[in-house]
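Structure file target_19.txt (compact mmCIF, C-alpha atoms and all ligand atoms) follows.
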# COMPACT_ATOMS: atom_id res chain seq x y z
CA MET A 1 16.61 -54.86 -20.10
CA SER A 2 14.81 -53.85 -16.96
CA GLN A 3 11.85 -55.80 -15.75
CA SER A 4 8.86 -54.12 -14.24
CA PRO A 5 7.26 -56.01 -11.33
CA ALA A 6 4.28 -56.74 -13.56
CA ASN A 7 6.47 -58.97 -15.71
CA LYS A 8 7.63 -61.16 -12.83
CA PRO A 9 5.75 -64.39 -12.30
CA THR A 10 5.17 -65.59 -8.76
CA SER A 11 3.88 -68.97 -9.89
CA ILE A 12 3.76 -70.90 -13.14
CA LYS A 13 1.60 -73.97 -13.54
CA ALA A 14 1.37 -76.21 -16.53
CA ASP A 15 -1.66 -78.47 -16.53
CA ARG A 16 -0.88 -80.91 -19.31
CA GLU A 17 -4.19 -82.76 -18.93
CA ALA A 18 -6.28 -79.63 -19.30
CA GLY A 19 -3.87 -78.07 -21.78
CA LEU A 20 -3.59 -74.90 -19.72
CA VAL A 21 -0.65 -72.85 -18.58
CA THR A 22 -1.42 -70.50 -15.71
CA ILE A 23 0.90 -67.71 -14.69
CA ASP A 24 0.40 -65.59 -11.58
CA TRP A 25 2.21 -62.26 -11.71
CA SER A 26 3.68 -60.29 -8.84
CA ASP A 27 1.12 -57.54 -9.30
CA GLY A 28 -1.69 -60.03 -8.65
CA HIS A 29 -2.73 -60.49 -12.27
CA ARG A 30 -3.35 -63.99 -13.59
CA THR A 31 -2.73 -65.09 -17.15
CA GLU A 32 -4.12 -68.29 -18.55
CA PHE A 33 -2.94 -69.63 -21.89
CA ASP A 34 -4.48 -72.59 -23.59
CA VAL A 35 -1.77 -74.59 -25.30
CA VAL A 36 -2.92 -73.73 -28.82
CA THR A 37 -2.67 -70.00 -28.12
CA LEU A 38 0.71 -70.57 -26.57
CA ARG A 39 1.94 -72.61 -29.53
CA LEU A 40 0.88 -69.89 -31.95
CA LEU A 41 2.93 -67.37 -30.01
CA CYS A 42 6.13 -69.38 -30.38
CA PRO A 43 8.76 -66.70 -30.88
CA CYS A 44 11.46 -68.86 -32.48
CA ALA A 45 12.95 -68.12 -35.90
CA PHE A 46 11.38 -71.21 -37.42
CA CYS A 47 7.83 -70.27 -36.37
CA GLN A 48 7.94 -66.50 -36.73
CA GLY A 49 10.49 -66.14 -39.50
CA GLU A 50 13.73 -64.28 -39.44
CA GLY A 51 15.30 -61.38 -41.31
CA GLY A 52 12.10 -60.56 -43.17
CA ARG A 53 11.44 -64.13 -44.24
CA PRO A 54 8.08 -65.53 -43.18
CA GLY A 55 7.98 -68.30 -40.64
CA TRP A 56 6.04 -71.48 -40.39
CA LEU A 57 3.22 -69.82 -38.47
CA ASP A 58 2.83 -67.23 -41.23
CA THR A 59 1.55 -70.01 -43.48
CA ASN A 60 -1.48 -70.40 -41.19
CA PRO A 61 -0.72 -74.04 -40.55
CA THR A 62 -3.32 -76.39 -39.20
CA LEU A 63 -1.92 -77.47 -35.89
CA THR A 64 -2.02 -81.17 -35.21
CA PRO A 65 -2.74 -82.44 -31.70
CA VAL A 66 0.87 -83.50 -31.36
CA GLN A 67 2.05 -79.98 -32.17
CA THR A 68 -0.01 -78.47 -29.39
CA GLN A 69 0.62 -81.11 -26.78
CA LEU A 70 2.79 -79.78 -24.01
CA VAL A 71 5.23 -82.36 -22.71
CA ASP A 72 7.61 -80.23 -20.70
CA MET A 73 8.40 -76.69 -19.71
CA ARG A 74 11.82 -75.36 -18.77
CA LEU A 75 12.64 -72.12 -17.04
CA ILE A 76 15.27 -70.10 -18.86
CA GLY A 77 17.12 -68.07 -16.25
CA SER A 78 14.72 -65.68 -14.62
CA TYR A 79 13.29 -64.25 -17.78
CA ALA A 80 11.70 -66.86 -19.97
CA LEU A 81 9.88 -70.16 -20.39
CA ALA A 82 10.72 -72.80 -22.96
CA PRO A 83 7.96 -75.32 -23.57
CA THR A 84 8.67 -78.63 -25.22
CA TRP A 85 5.94 -79.82 -27.56
CA ALA A 86 5.13 -83.41 -28.39
CA ASP A 87 6.46 -82.99 -31.94
CA GLY A 88 9.87 -82.27 -30.43
CA HIS A 89 9.78 -78.51 -30.96
CA ASP A 90 11.50 -76.76 -28.07
CA THR A 91 13.34 -73.77 -29.51
CA GLY A 92 10.80 -71.12 -28.53
CA TYR A 93 11.90 -69.00 -25.59
CA TYR A 94 8.86 -67.11 -24.36
CA THR A 95 10.02 -64.16 -22.30
CA TYR A 96 7.82 -63.21 -19.38
CA GLU A 97 7.51 -59.79 -20.91
CA ALA A 98 6.08 -61.28 -24.12
CA LEU A 99 3.80 -63.64 -22.22
CA ARG A 100 2.40 -60.78 -20.20
CA ALA A 101 2.08 -58.59 -23.29
CA ASN A 102 0.05 -61.32 -24.98
CA CYS A 103 -2.15 -62.13 -22.00
CA PRO A 104 -5.42 -63.34 -23.56
CA CYS A 105 -7.68 -62.34 -20.66
CA PRO A 106 -10.57 -59.94 -21.44
CA THR A 107 -9.02 -57.07 -19.51
CA CYS A 108 -5.68 -57.20 -21.32
CA SER A 109 -7.32 -57.86 -24.69
CA ALA A 110 -9.51 -54.79 -24.23
CA THR A 111 -6.50 -52.70 -23.24
CA ARG A 112 -4.56 -53.83 -26.31
CA ALA A 113 -7.54 -53.22 -28.59
CA SER A 114 -7.92 -49.66 -27.34
CA GLY A 115 -4.22 -49.07 -27.97
CA VAL A 116 -3.47 -47.79 -24.47
ZN ZN B 201 8.83 -72.24 -32.71
ZN ZN B 202 -4.53 -60.26 -18.54
Structure re-expressed in structure tokens:
Amino acid sequence: MSQSPANKPTSIKADREAGLVTIDWSDGHRTEFDVVTLRLLCPCAFCQGEGGRPGWLDTNPTLTPVQTQLVDMRLIGSYALAPTWADGHDTGYYTYEALRANCPCPTCSATRASGV
């Protein structure tokens, strides 16, 4: 798995008070996730399902404040982030590639929408 420079963060900040995670990328781009968006992207088998079975997030759950409260964030090697949520959920490894691919900023959203 090769990483393009665009998928390498130069700084990662988690503002637990504001509920924002800010990632600066080596190509100068900045990605800001609010914690709810981040929680909904949780890539773990429980949230997204596995082997064709739907996951918890496929049931369109109503997220409680405790489920979207960020309590900790671990770096997994040089390729991923693992947030810990206040409900104890910590099995989602968000790769930088996936975080960048899901960047919610207007520029990236427009690019994804146009299918480029
Ligand atoms: Zn999960
Ligand atoms: Zn973006």
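Distance check against ligand ZN 201 (chain B) using all atoms listed in the file: of A:Phe33, A:Trp56, A:Tyr96, A:Trp25, the minimum falls on A:Trp56.
For ligand ZN 202 (chain B), the set of protein, DNA and RNA residues within 7 Å, based on all atoms listed in the file, reads A:His29, A:Arg30, A:Thr31, A:Cys103, A:Pro104, A:Cys105, A:Pro106, A:Thr107, A:Cys108.
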Practice prompt. For atom CA of Thr64 of chain A and atom CA of Gly52 of chain A, determine how far apart the two atoms are, in Å to one decimal place.
Written response: 26.2 Å
Worksheet item: Neighbours of ligand ZN 201 (chain B) within 12 Å, counting all atoms listed in the file, as a ChimeraX atom specification?
Response: /A:38-50,55-58,67-68,82-85,87-94
Worksheet item: How many Å lie between atom CA of Tyr79 of chain A and atom CA of Pro54 of chain A, rounded to one decimal?
Response: 26.0 Å
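Atom CA of Asp27 of chain A is found 5.4 Å from atom CA of Ala6 of chain A.
Compared by their closest atoms to Val66 of chain A, and using only C-alpha atoms, the residues A:Thr95, A:Gly19, A:Asp24, A:Glu32 rank with A:Gly19 nearest.
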Reconstructed segment 88-114 of chain A, atom set N, CA and C atoms, as a compact mmCIF listing (two decimals), keeping the file's coordinate frame:
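Output file part.txt follows:
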# COMPACT_ATOMS: atom_id res chain seq x y z
N GLY A 88 8.44 -82.44 -30.64
CA GLY A 88 9.87 -82.27 -30.43
C GLY A 88 10.33 -80.82 -30.51
N HIS A 89 9.42 -79.92 -30.84
CA HIS A 89 9.78 -78.51 -30.96
C HIS A 89 10.03 -77.90 -29.59
N ASP A 90 11.20 -77.32 -29.40
CA ASP A 90 11.50 -76.76 -28.07
C ASP A 90 12.41 -75.53 -28.17
N THR A 91 12.40 -74.88 -29.32
CA THR A 91 13.34 -73.77 -29.51
C THR A 91 12.71 -72.40 -29.24
N GLY A 92 11.45 -72.39 -28.81
CA GLY A 92 10.80 -71.12 -28.53
C GLY A 92 11.02 -70.69 -27.09
N TYR A 93 11.72 -69.56 -26.92
CA TYR A 93 11.90 -69.00 -25.59
C TYR A 93 10.90 -67.87 -25.42
N TYR A 94 9.90 -68.11 -24.60
CA TYR A 94 8.86 -67.11 -24.36
C TYR A 94 9.28 -66.26 -23.18
N THR A 95 9.64 -65.01 -23.43
CA THR A 95 10.02 -64.16 -22.30
C THR A 95 8.76 -63.81 -21.50
N TYR A 96 8.97 -63.56 -20.22
CA TYR A 96 7.82 -63.21 -19.38
C TYR A 96 7.16 -61.94 -19.89
N GLU A 97 8.02 -61.04 -20.37
CA GLU A 97 7.51 -59.79 -20.91
C GLU A 97 6.53 -60.06 -22.06
N ALA A 98 6.93 -60.97 -22.96
CA ALA A 98 6.08 -61.28 -24.12
C ALA A 98 4.82 -62.02 -23.68
N LEU A 99 4.96 -62.90 -22.70
CA LEU A 99 3.80 -63.64 -22.22
C LEU A 99 2.78 -62.69 -21.61
N ARG A 100 3.30 -61.74 -20.82
CA ARG A 100 2.40 -60.78 -20.20
C ARG A 100 1.78 -59.88 -21.27
N ALA A 101 2.57 -59.48 -22.24
CA ALA A 101 2.08 -58.59 -23.29
C ALA A 101 1.01 -59.26 -24.14
N ASN A 102 1.03 -60.60 -24.18
CA ASN A 102 0.05 -61.32 -24.98
C ASN A 102 -1.03 -61.98 -24.14
N CYS A 103 -1.15 -61.57 -22.89
CA CYS A 103 -2.15 -62.13 -22.00
C CYS A 103 -3.52 -62.10 -22.68
N PRO A 104 -4.15 -63.28 -22.82
CA PRO A 104 -5.42 -63.34 -23.56
C PRO A 104 -6.66 -63.02 -22.72
N CYS A 105 -6.50 -62.60 -21.49
CA CYS A 105 -7.68 -62.34 -20.66
C CYS A 105 -8.45 -61.12 -21.20
N PRO A 106 -9.74 -61.03 -20.90
CA PRO A 106 -10.57 -59.94 -21.44
C PRO A 106 -10.04 -58.56 -21.12
N THR A 107 -9.52 -58.37 -19.91
CA THR A 107 -9.02 -57.07 -19.51
C THR A 107 -7.84 -56.63 -20.38
N CYS A 108 -6.87 -57.55 -20.53
CA CYS A 108 -5.68 -57.20 -21.32
C CYS A 108 -6.02 -57.08 -22.80
N SER A 109 -6.93 -57.94 -23.28
CA SER A 109 -7.32 -57.86 -24.69
C SER A 109 -7.97 -56.52 -24.97
N ALA A 110 -8.83 -56.06 -24.06
CA ALA A 110 -9.51 -54.79 -24.23
C ALA A 110 -8.50 -53.64 -24.21
N THR A 111 -7.53 -53.74 -23.32
CA THR A 111 -6.50 -52.70 -23.24
C THR A 111 -5.70 -52.62 -24.53
N ARG A 112 -5.32 -53.81 -25.06
CA ARG A 112 -4.56 -53.83 -26.31
C ARG A 112 -5.38 -53.27 -27.47
N ALA A 113 -6.68 -53.64 -27.49
CA ALA A 113 -7.54 -53.22 -28.59
C ALA A 113 -7.71 -51.71 -28.59
N SER A 114 -7.71 -51.10 -27.41
CA SER A 114 -7.92 -49.66 -27.34
C SER A 114 -6.59 -48.91 -27.54
